[in-house]
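Asks: For reference, the file query-v9.cif (mmCIF, C-alpha atoms and all ligand atoms; chains and numbers go by the auth columns) is included below:
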data_start
loop_
_atom_site.group_PDB
_atom_site.id
_atom_site.type_symbol
_atom_site.label_atom_id
_atom_site.label_comp_id
_atom_site.label_asym_id
_atom_site.label_seq_id
_atom_site.Cartn_x
_atom_site.Cartn_y
_atom_site.Cartn_z
_atom_site.B_iso_or_equiv
_atom_site.auth_seq_id
_atom_site.auth_asym_id
ATOM 1 C CA MET A 1 5.692 -6.857 2.496 0.00 89 A
ATOM 2 C CA MET A 2 4.098 -8.483 -0.558 0.00 90 A
ATOM 3 C CA ARG A 3 4.921 -5.455 -2.693 0.00 91 A
ATOM 4 C CA LYS A 4 8.520 -5.630 -1.583 0.00 92 A
ATOM 5 C CA ILE A 5 8.755 -9.294 -2.581 0.00 93 A
ATOM 6 C CA LEU A 6 7.183 -8.533 -5.957 0.00 94 A
ATOM 7 C CA PHE A 7 9.630 -5.691 -6.469 0.00 95 A
ATOM 8 C CA ILE A 8 12.606 -7.915 -5.661 0.00 96 A
ATOM 9 C CA ALA A 9 11.279 -10.635 -7.990 0.00 97 A
ATOM 10 C CA ALA A 10 10.756 -8.128 -10.825 0.00 98 A
ATOM 11 C CA THR A 11 14.259 -6.717 -10.328 0.00 99 A
ATOM 12 C CA ALA A 12 15.715 -10.225 -10.403 0.00 100 A
ATOM 13 C CA ILE A 13 13.912 -11.043 -13.670 0.00 101 A
ATOM 14 C CA VAL A 14 15.104 -7.839 -15.321 0.00 102 A
ATOM 15 C CA SER A 15 18.698 -8.490 -14.200 0.00 103 A
ATOM 16 C CA LEU A 16 18.548 -12.070 -15.475 0.00 104 A
ATOM 17 C CA ALA A 17 17.243 -10.865 -18.843 0.00 105 A
ATOM 18 C CA ALA A 18 20.121 -8.376 -19.005 0.00 106 A
ATOM 19 C CA LEU A 19 22.622 -11.104 -18.101 0.00 107 A
ATOM 20 C CA ALA A 20 21.190 -13.377 -20.787 0.00 108 A
ATOM 21 C CA GLY A 21 21.925 -10.648 -23.316 0.00 109 A
ATOM 22 C CA CYS A 22 18.300 -9.750 -23.979 0.00 110 A
ATOM 23 C CA ASP A 23 17.830 -6.167 -25.003 0.00 111 A
ATOM 24 C CA SER A 24 15.388 -4.146 -27.024 0.00 112 A
ATOM 25 C CA THR A 25 17.310 -4.511 -30.320 0.00 113 A
ATOM 26 C CA PRO A 26 15.756 -7.130 -32.629 0.00 114 A
ATOM 27 C CA ALA A 27 17.874 -10.215 -33.319 0.00 115 A
ATOM 28 C CA SER A 28 20.597 -10.077 -35.963 0.00 116 A
ATOM 29 C CA LYS A 29 20.292 -12.346 -38.998 0.00 117 A
ATOM 30 C CA PRO A 30 21.887 -15.716 -38.115 0.00 118 A
ATOM 31 C CA LEU A 31 25.355 -16.225 -39.639 0.00 119 A
ATOM 32 C CA ASP A 32 24.281 -19.303 -41.591 0.00 120 A
ATOM 33 C CA GLN A 33 21.590 -17.252 -43.355 0.00 121 A
ATOM 34 C CA LEU A 34 23.846 -14.496 -44.652 0.00 122 A
ATOM 35 C CA THR A 35 23.900 -13.889 -48.408 0.00 123 A
ATOM 36 C CA ALA A 36 27.232 -14.085 -50.247 0.00 124 A
ATOM 37 C CA GLN A 37 27.430 -10.283 -50.178 0.00 125 A
ATOM 38 C CA GLU A 38 26.703 -10.100 -46.444 0.00 126 A
ATOM 39 C CA SER A 39 29.273 -12.840 -45.719 0.00 127 A
ATOM 40 C CA HIS A 40 31.911 -10.915 -47.621 0.00 128 A
ATOM 41 C CA GLY A 41 30.869 -7.783 -45.746 0.00 129 A
ATOM 42 C CA ARG A 42 31.390 -9.678 -42.500 0.00 130 A
ATOM 43 C CA GLU A 43 34.978 -10.439 -43.540 0.00 131 A
ATOM 44 C CA ILE A 44 35.513 -6.736 -44.159 0.00 132 A
ATOM 45 C CA PHE A 45 33.984 -5.984 -40.762 0.00 133 A
ATOM 46 C CA MET A 46 36.314 -8.466 -39.051 0.00 134 A
ATOM 47 C CA ALA A 47 39.356 -6.990 -40.793 0.00 135 A
ATOM 48 C CA ARG A 48 38.531 -3.294 -40.417 0.00 136 A
ATOM 49 C CA CYS A 49 36.055 -2.738 -37.587 0.00 137 A
ATOM 50 C CA SER A 50 36.051 -5.627 -35.089 0.00 138 A
ATOM 51 C CA ALA A 51 39.059 -4.347 -33.137 0.00 139 A
ATOM 52 C CA CYS A 52 36.890 -1.469 -31.930 0.00 140 A
ATOM 53 C CA HIS A 53 33.256 -2.510 -32.391 0.00 141 A
ATOM 54 C CA PHE A 54 31.154 -5.541 -31.486 0.00 142 A
ATOM 55 C CA ASP A 55 28.676 -6.514 -34.214 0.00 143 A
ATOM 56 C CA ARG A 56 26.646 -9.121 -32.338 0.00 144 A
ATOM 57 C CA SER A 57 26.649 -7.748 -28.820 0.00 145 A
ATOM 58 C CA SER A 58 25.252 -4.519 -27.424 0.00 146 A
ATOM 59 C CA GLN A 59 28.412 -3.936 -25.358 0.00 147 A
ATOM 60 C CA ALA A 60 30.695 -1.061 -26.285 0.00 148 A
ATOM 61 C CA LEU A 61 34.320 -1.913 -27.109 0.00 149 A
ATOM 62 C CA GLN A 62 36.608 0.991 -28.186 0.00 150 A
ATOM 63 C CA GLY A 63 33.584 2.407 -29.970 0.00 151 A
ATOM 64 C CA PRO A 64 29.834 1.840 -29.580 0.00 152 A
ATOM 65 C CA ALA A 65 28.203 -1.535 -30.361 0.00 153 A
ATOM 66 C CA LEU A 66 27.050 -1.800 -33.978 0.00 154 A
ATOM 67 C CA LYS A 67 24.452 -4.489 -33.304 0.00 155 A
ATOM 68 C CA GLY A 68 21.193 -3.287 -34.832 0.00 156 A
ATOM 69 C CA VAL A 69 22.871 -0.087 -36.039 0.00 157 A
ATOM 70 C CA PHE A 70 20.440 0.368 -38.958 0.00 158 A
ATOM 71 C CA LYS A 71 17.416 -0.823 -36.977 0.00 159 A
ATOM 72 C CA LYS A 72 17.642 2.199 -34.742 0.00 160 A
ATOM 73 C CA GLN A 73 16.609 5.626 -35.933 0.00 161 A
ATOM 74 C CA TYR A 74 19.806 7.350 -34.784 0.00 162 A
ATOM 75 C CA LEU A 75 23.506 6.611 -34.524 0.00 163 A
ATOM 76 C CA PRO A 76 25.088 7.053 -31.071 0.00 164 A
ATOM 77 C CA SER A 77 26.095 10.606 -32.062 0.00 165 A
ATOM 78 C CA GLY A 78 22.454 11.476 -32.782 0.00 166 A
ATOM 79 C CA ALA A 79 22.945 11.565 -36.574 0.00 167 A
ATOM 80 C CA PRO A 80 20.336 9.639 -38.595 0.00 168 A
ATOM 81 C CA ALA A 81 21.218 5.948 -38.991 0.00 169 A
ATOM 82 C CA ASN A 82 21.440 5.700 -42.778 0.00 170 A
ATOM 83 C CA ASP A 83 23.972 4.557 -45.393 0.00 171 A
ATOM 84 C CA ASP A 84 25.170 8.096 -46.104 0.00 172 A
ATOM 85 C CA ARG A 85 26.046 8.886 -42.504 0.00 173 A
ATOM 86 C CA VAL A 86 27.682 5.522 -41.836 0.00 174 A
ATOM 87 C CA THR A 87 29.651 5.779 -45.100 0.00 175 A
ATOM 88 C CA ALA A 88 30.843 9.260 -44.119 0.00 176 A
ATOM 89 C CA THR A 89 31.887 7.915 -40.692 0.00 177 A
ATOM 90 C CA ILE A 90 33.901 5.122 -42.326 0.00 178 A
ATOM 91 C CA LEU A 91 35.542 7.325 -44.977 0.00 179 A
ATOM 92 C CA HIS A 92 36.278 10.351 -42.789 0.00 180 A
ATOM 93 C CA GLY A 93 36.486 8.853 -39.275 0.00 181 A
ATOM 94 C CA ARG A 94 35.088 10.405 -36.127 0.00 182 A
ATOM 95 C CA THR A 95 37.019 11.644 -33.062 0.00 183 A
ATOM 96 C CA MET A 96 38.923 8.488 -31.934 0.00 184 A
ATOM 97 C CA MET A 97 37.794 6.485 -34.974 0.00 185 A
ATOM 98 C CA PRO A 98 40.432 6.590 -37.743 0.00 186 A
ATOM 99 C CA PRO A 99 39.305 7.398 -41.330 0.00 187 A
ATOM 100 C CA GLN A 100 39.321 4.444 -43.752 0.00 188 A
ATOM 101 C CA GLY A 101 39.204 6.238 -47.087 0.00 189 A
ATOM 102 C CA ASP A 102 41.201 3.414 -48.689 0.00 190 A
ATOM 103 C CA ILE A 103 38.259 0.977 -48.636 0.00 191 A
ATOM 104 C CA ALA A 104 37.274 -0.286 -52.111 0.00 192 A
ATOM 105 C CA PRO A 105 33.723 0.711 -53.228 0.00 193 A
ATOM 106 C CA GLN A 106 32.608 -2.939 -53.488 0.00 194 A
ATOM 107 C CA ASP A 107 33.989 -3.724 -50.030 0.00 195 A
ATOM 108 C CA LEU A 108 32.146 -0.702 -48.649 0.00 196 A
ATOM 109 C CA SER A 109 28.795 -1.758 -50.093 0.00 197 A
ATOM 110 C CA ASP A 110 29.295 -5.345 -48.901 0.00 198 A
ATOM 111 C CA LEU A 111 30.178 -4.036 -45.441 0.00 199 A
ATOM 112 C CA LEU A 112 27.011 -1.902 -45.376 0.00 200 A
ATOM 113 C CA ALA A 113 24.954 -4.932 -46.480 0.00 201 A
ATOM 114 C CA TYR A 114 26.384 -6.906 -43.540 0.00 202 A
ATOM 115 C CA MET A 115 25.689 -4.055 -41.139 0.00 203 A
ATOM 116 C CA HIS A 116 22.050 -4.011 -42.295 0.00 204 A
ATOM 117 C CA SER A 117 21.792 -7.689 -41.269 0.00 205 A
ATOM 118 C CA LEU A 118 22.839 -6.909 -37.684 0.00 206 A
HETATM 119 C C1 LIG B . 40.426 2.261 -33.831 0.00 1 B
HETATM 120 C C2 LIG B . 39.079 1.979 -33.408 0.00 1 B
HETATM 121 C C3 LIG B . 37.957 2.009 -34.435 0.00 1 B
HETATM 122 C C4 LIG B . 37.884 1.345 -35.640 0.00 1 B
HETATM 123 C C5 LIG B . 38.929 0.437 -36.299 0.00 1 B
HETATM 124 C C6 LIG B . 36.569 1.601 -36.149 0.00 1 B
HETATM 125 N N1 LIG B . 35.870 2.421 -35.300 0.00 1 B
HETATM 126 FE FE1 LIG B . 33.955 3.089 -35.533 0.00 1 B
HETATM 127 N N2 LIG B . 34.141 4.185 -33.864 0.00 1 B
HETATM 128 C C7 LIG B . 35.216 4.205 -33.013 0.00 1 B
HETATM 129 C C8 LIG B . 34.971 5.131 -31.921 0.00 1 B
HETATM 130 C C9 LIG B . 35.905 5.442 -30.759 0.00 1 B
HETATM 131 C C10 LIG B . 33.685 5.684 -32.164 0.00 1 B
HETATM 132 C C11 LIG B . 32.953 6.760 -31.340 0.00 1 B
HETATM 133 C C12 LIG B . 33.275 8.090 -31.979 0.00 1 B
HETATM 134 C C13 LIG B . 32.579 9.231 -31.282 0.00 1 B
HETATM 135 O O1 LIG B . 31.455 9.558 -31.681 0.00 1 B
HETATM 136 O O2 LIG B . 33.159 9.791 -30.371 0.00 1 B
HETATM 137 C C14 LIG B . 33.188 5.071 -33.384 0.00 1 B
HETATM 138 C C15 LIG B . 31.949 5.339 -33.927 0.00 1 B
HETATM 139 C C16 LIG B . 31.388 4.641 -34.990 0.00 1 B
HETATM 140 C C17 LIG B . 30.038 4.793 -35.463 0.00 1 B
HETATM 141 C C18 LIG B . 28.972 5.720 -34.864 0.00 1 B
HETATM 142 C C19 LIG B . 29.049 7.087 -35.529 0.00 1 B
HETATM 143 C C20 LIG B . 28.046 8.043 -34.943 0.00 1 B
HETATM 144 O O3 LIG B . 27.674 8.985 -35.678 0.00 1 B
HETATM 145 O O4 LIG B . 27.646 7.877 -33.798 0.00 1 B
HETATM 146 C C21 LIG B . 29.884 3.942 -36.514 0.00 1 B
HETATM 147 C C22 LIG B . 28.628 3.736 -37.354 0.00 1 B
HETATM 148 C C23 LIG B . 31.148 3.271 -36.697 0.00 1 B
HETATM 149 N N3 LIG B . 32.043 3.719 -35.759 0.00 1 B
HETATM 150 C C24 LIG B . 31.385 2.315 -37.666 0.00 1 B
HETATM 151 C C25 LIG B . 32.613 1.722 -37.891 0.00 1 B
HETATM 152 C C26 LIG B . 32.874 0.791 -38.972 0.00 1 B
HETATM 153 C C27 LIG B . 31.828 0.308 -39.961 0.00 1 B
HETATM 154 C C28 LIG B . 34.187 0.452 -38.889 0.00 1 B
HETATM 155 C C29 LIG B . 34.977 -0.431 -39.832 0.00 1 B
HETATM 156 C C30 LIG B . 35.025 0.028 -41.217 0.00 1 B
HETATM 157 C C31 LIG B . 34.765 1.173 -37.758 0.00 1 B
HETATM 158 N N4 LIG B . 33.765 1.925 -37.176 0.00 1 B
HETATM 159 C C32 LIG B . 36.077 1.080 -37.347 0.00 1 B
HETATM 160 C C33 LIG B . 36.368 3.471 -33.140 0.00 1 B
HETATM 161 C C34 LIG B . 36.697 2.693 -34.240 0.00 1 B
#
Would you write the structure of this file as structure tokens?
Replies:
Amino acid sequence: MMRKILFIAATAIVSLAALAGCDSTPASKPLDQLTAQESHGREIFMARCSACHFDRSSQALQGPALKGVFKKQYLPSGAPANDDRVTATILHGRTMMPPQGDIAPQDLSDLLAYMHSL
């Protein structure tokens, strides 16, 4: 009986933590602490990526959540989470993700800087 109650209590706590948005990914850098480069990168993200990806939530949208993308070892596909792989994804696209080869080099590096802050 006691074990059952403990189990129910533990389940409730885990569900509440999930509802509160707690997950294993470390917190993103607060918006008011972004550098000028990261802030510009955020504008690029909003213009080019936010229709399909959340940056500050672990929920999938059209594509997987990008919160903590560089804090994890692997991208959702299993490729290593590094600048080269993410750049290739942006420039060449991936299945349902359209290629964005028209992005200016400075915009790309600012975007990557923002993604590192997530
Ligand atoms: C039209 C919707 C769409 C847009 C716009 C979009 N993506 Fe994606 N993205 C996707 C989808 C869908 C996937 C999942 C692709 C798959 O692996 O099947 C994805 C996957 C990814 C991945 C994971 C790749 C991997 O190897 O797992 C990254 C990183 C990513 N997108 C970054 C971006 C960035 C940065 C932008 C903005 C420059 C962007 N995406 C714009 C739809 C989009």
Asks: Could you please determine the separation between atom CA of A:Phe133 and atom CA of A:Thr113 in Å, to one decimal place?
Replies: 19.7 Å
Asks: Would you mind reading off the distance between atom CA of A:Pro114 and atom CA of A:Asp143, one decimal, in Å?
Replies: 13.0 Å
Asks: Quick one: of A:Lys155, A:Arg130, A:Lys160, A:Arg173, who's nearest to ligand LIG 1 (chain B), counting all atoms listed in the file?
Replies: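 Of all the options, A:Arg173 lies closest to ligand LIG 1 (chain B).
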Asks: Could you tell me which of A:Gln194, A:Glu126, A:Lys159, A:Gly151 comes closest to A:Ser138 if we count all atoms listed in the file?
Replies: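 So, comparing all the options, the nearest one is A:Gly151.
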Asks: Adding 6 Å on each side of the box along x, y and z that holds all listed atoms of ligand LIG 1 (chain B), could you give its centre and edge lengths in Å to one decimal, as lines of an AutoDock Vina configuration file?
Replies:
center_x = 34.0
center_y = 4.7
center_z = -35.8
size_x = 24.8
size_y = 22.2
size_z = 22.8
Asks: Return as a list of chain:residue names every polymer residue, whether protein, DNA or RNA, with at least one atom no more than 6 Å from an atom of ligand LIG 1 (chain B); count only C-alpha atoms and all ligand atoms.
Replies: A:Phe133, A:Arg136, A:Cys137, A:Ala139, A:Cys140, A:Gln150, A:Gly151, A:Pro152, A:Leu163, A:Pro164, A:Ser165, A:Ala167, A:Val174, A:Thr177, A:Ile178, A:Arg182, A:Thr183, A:Met184, A:Met185, A:Pro186
Asks: Between A:Leu199, A:Leu206, A:Pro168, A:Ala176, which one has atoms that come closest to A:Met134, using all atoms listed in the file?
Replies: A:Leu199
Asks: Leaving out A:Ser197 and any residue of its chain fewer than 5 positions from it, which residues lie within 9 Å of it when counting all atoms listed in the file, given as a compact mmCIF listing (two decimals) with C-alpha atoms, in the coordinates of the input?
Replies:
# COMPACT_ATOMS: atom_id res chain seq x y z
CA GLN A 125 27.43 -10.28 -50.18
CA GLY A 129 30.87 -7.78 -45.75
CA ALA A 192 37.27 -0.29 -52.11
CA TYR A 202 26.38 -6.91 -43.54
Asks: In Å to one decimal, how far is atom CA of A:Ala153 from atom CA of A:Leu200?
Replies: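 A separation of 15.1 Å between them.
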Asks: Of the candidates A:Thr175, A:Gln161, A:Asn170, A:Ser146, which shows the shortest atom-to-atom distance to A:Pro187, using all atoms listed in the file?
Replies: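 Of A:Thr175, A:Gln161, A:Asn170, A:Ser146, the one nearest A:Pro187, counting all atoms listed in the file, is A:Thr175.
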Asks: Looking at A:Leu149, A:Ser205, A:Phe158, A:Gly166, which one is nearest to A:Asp120, with distances taken over only C-alpha atoms?
Replies: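 Going through A:Leu149, A:Ser205, A:Phe158, A:Gly166 one by one, the smallest distance to A:Asp120 is for A:Ser205.
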Asks: Counting only C-alpha atoms, figure out which residue out of A:Gly181, A:Leu196, A:Tyr162, A:Arg144 gets nearest to A:Pro118.
Replies: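 Selected residue with least distance to A:Pro118: A:Arg144.
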Asks: Rebuild stretch 156-178 of chain A to N, CA and C atoms - output it as an mmCIF file, keeping the file's coordinate frame, please.
Replies:
data_model
loop_
_atom_site.group_PDB
_atom_site.id
_atom_site.type_symbol
_atom_site.label_atom_id
_atom_site.label_comp_id
_atom_site.auth_asym_id
_atom_site.auth_seq_id
_atom_site.Cartn_x
_atom_site.Cartn_y
_atom_site.Cartn_z
ATOM 1 N N GLY A 156 22.445 -3.991 -34.560
ATOM 2 C CA GLY A 156 21.193 -3.287 -34.832
ATOM 3 C C GLY A 156 21.366 -1.840 -35.255
ATOM 4 N N VAL A 157 22.572 -1.501 -35.757
ATOM 5 C CA VAL A 157 22.871 -0.087 -36.039
ATOM 6 C C VAL A 157 21.846 0.552 -36.978
ATOM 7 N N PHE A 158 21.401 -0.207 -38.009
ATOM 8 C CA PHE A 158 20.440 0.368 -38.958
ATOM 9 C C PHE A 158 18.993 0.125 -38.541
ATOM 10 N N LYS A 159 18.791 -0.606 -37.449
ATOM 11 C CA LYS A 159 17.416 -0.823 -36.977
ATOM 12 C C LYS A 159 16.980 0.299 -36.056
ATOM 13 N N LYS A 160 17.969 1.059 -35.593
ATOM 14 C CA LYS A 160 17.642 2.199 -34.742
ATOM 15 C C LYS A 160 17.504 3.427 -35.632
ATOM 16 N N GLN A 161 16.804 4.421 -35.125
ATOM 17 C CA GLN A 161 16.609 5.626 -35.933
ATOM 18 C C GLN A 161 17.877 6.480 -35.982
ATOM 19 N N TYR A 162 18.640 6.462 -34.878
ATOM 20 C CA TYR A 162 19.806 7.350 -34.784
ATOM 21 C C TYR A 162 21.075 6.594 -34.441
ATOM 22 N N LEU A 163 22.183 7.090 -34.927
ATOM 23 C CA LEU A 163 23.506 6.611 -34.524
ATOM 24 C C LEU A 163 23.780 7.135 -33.111
ATOM 25 N N PRO A 164 24.799 6.571 -32.432
ATOM 26 C CA PRO A 164 25.088 7.053 -31.071
ATOM 27 C C PRO A 164 25.312 8.568 -31.002
ATOM 28 N N SER A 165 25.848 9.160 -32.059
ATOM 29 C CA SER A 165 26.095 10.606 -32.062
ATOM 30 C C SER A 165 24.812 11.419 -32.181
ATOM 31 N N GLY A 166 23.703 10.751 -32.568
ATOM 32 C CA GLY A 166 22.454 11.476 -32.782
ATOM 33 C C GLY A 166 22.176 11.729 -34.260
ATOM 34 N N ALA A 167 23.157 11.427 -35.128
ATOM 35 C CA ALA A 167 22.945 11.565 -36.574
ATOM 36 C C ALA A 167 21.997 10.454 -37.035
ATOM 37 N N PRO A 168 21.241 10.693 -38.128
ATOM 38 C CA PRO A 168 20.336 9.639 -38.595
ATOM 39 C C PRO A 168 21.105 8.374 -39.010
ATOM 40 N N ALA A 169 20.555 7.214 -38.675
ATOM 41 C CA ALA A 169 21.218 5.948 -38.991
ATOM 42 C C ALA A 169 20.889 5.560 -40.425
ATOM 43 N N ASN A 170 21.650 6.075 -41.372
ATOM 44 C CA ASN A 170 21.440 5.700 -42.778
ATOM 45 C C ASN A 170 22.792 5.454 -43.460
ATOM 46 N N ASP A 171 22.741 4.916 -44.680
ATOM 47 C CA ASP A 171 23.972 4.557 -45.393
ATOM 48 C C ASP A 171 24.905 5.751 -45.555
ATOM 49 N N ASP A 172 24.327 6.919 -45.860
ATOM 50 C CA ASP A 172 25.170 8.096 -46.104
ATOM 51 C C ASP A 172 25.989 8.462 -44.872
ATOM 52 N N ARG A 173 25.338 8.480 -43.721
ATOM 53 C CA ARG A 173 26.046 8.886 -42.504
ATOM 54 C C ARG A 173 27.077 7.847 -42.096
ATOM 55 N N VAL A 174 26.725 6.566 -42.222
ATOM 56 C CA VAL A 174 27.682 5.522 -41.836
ATOM 57 C C VAL A 174 28.857 5.519 -42.809
ATOM 58 N N THR A 175 28.570 5.704 -44.115
ATOM 59 C CA THR A 175 29.651 5.779 -45.100
ATOM 60 C C THR A 175 30.585 6.941 -44.775
ATOM 61 N N ALA A 176 30.011 8.093 -44.446
ATOM 62 C CA ALA A 176 30.843 9.260 -44.119
ATOM 63 C C ALA A 176 31.702 8.973 -42.892
ATOM 64 N N THR A 177 31.122 8.266 -41.903
ATOM 65 C CA THR A 177 31.887 7.915 -40.692
ATOM 66 C C THR A 177 33.076 7.030 -41.065
ATOM 67 N N ILE A 178 32.828 6.043 -41.937
ATOM 68 C CA ILE A 178 33.901 5.122 -42.326
ATOM 69 C C ILE A 178 34.984 5.874 -43.123
#
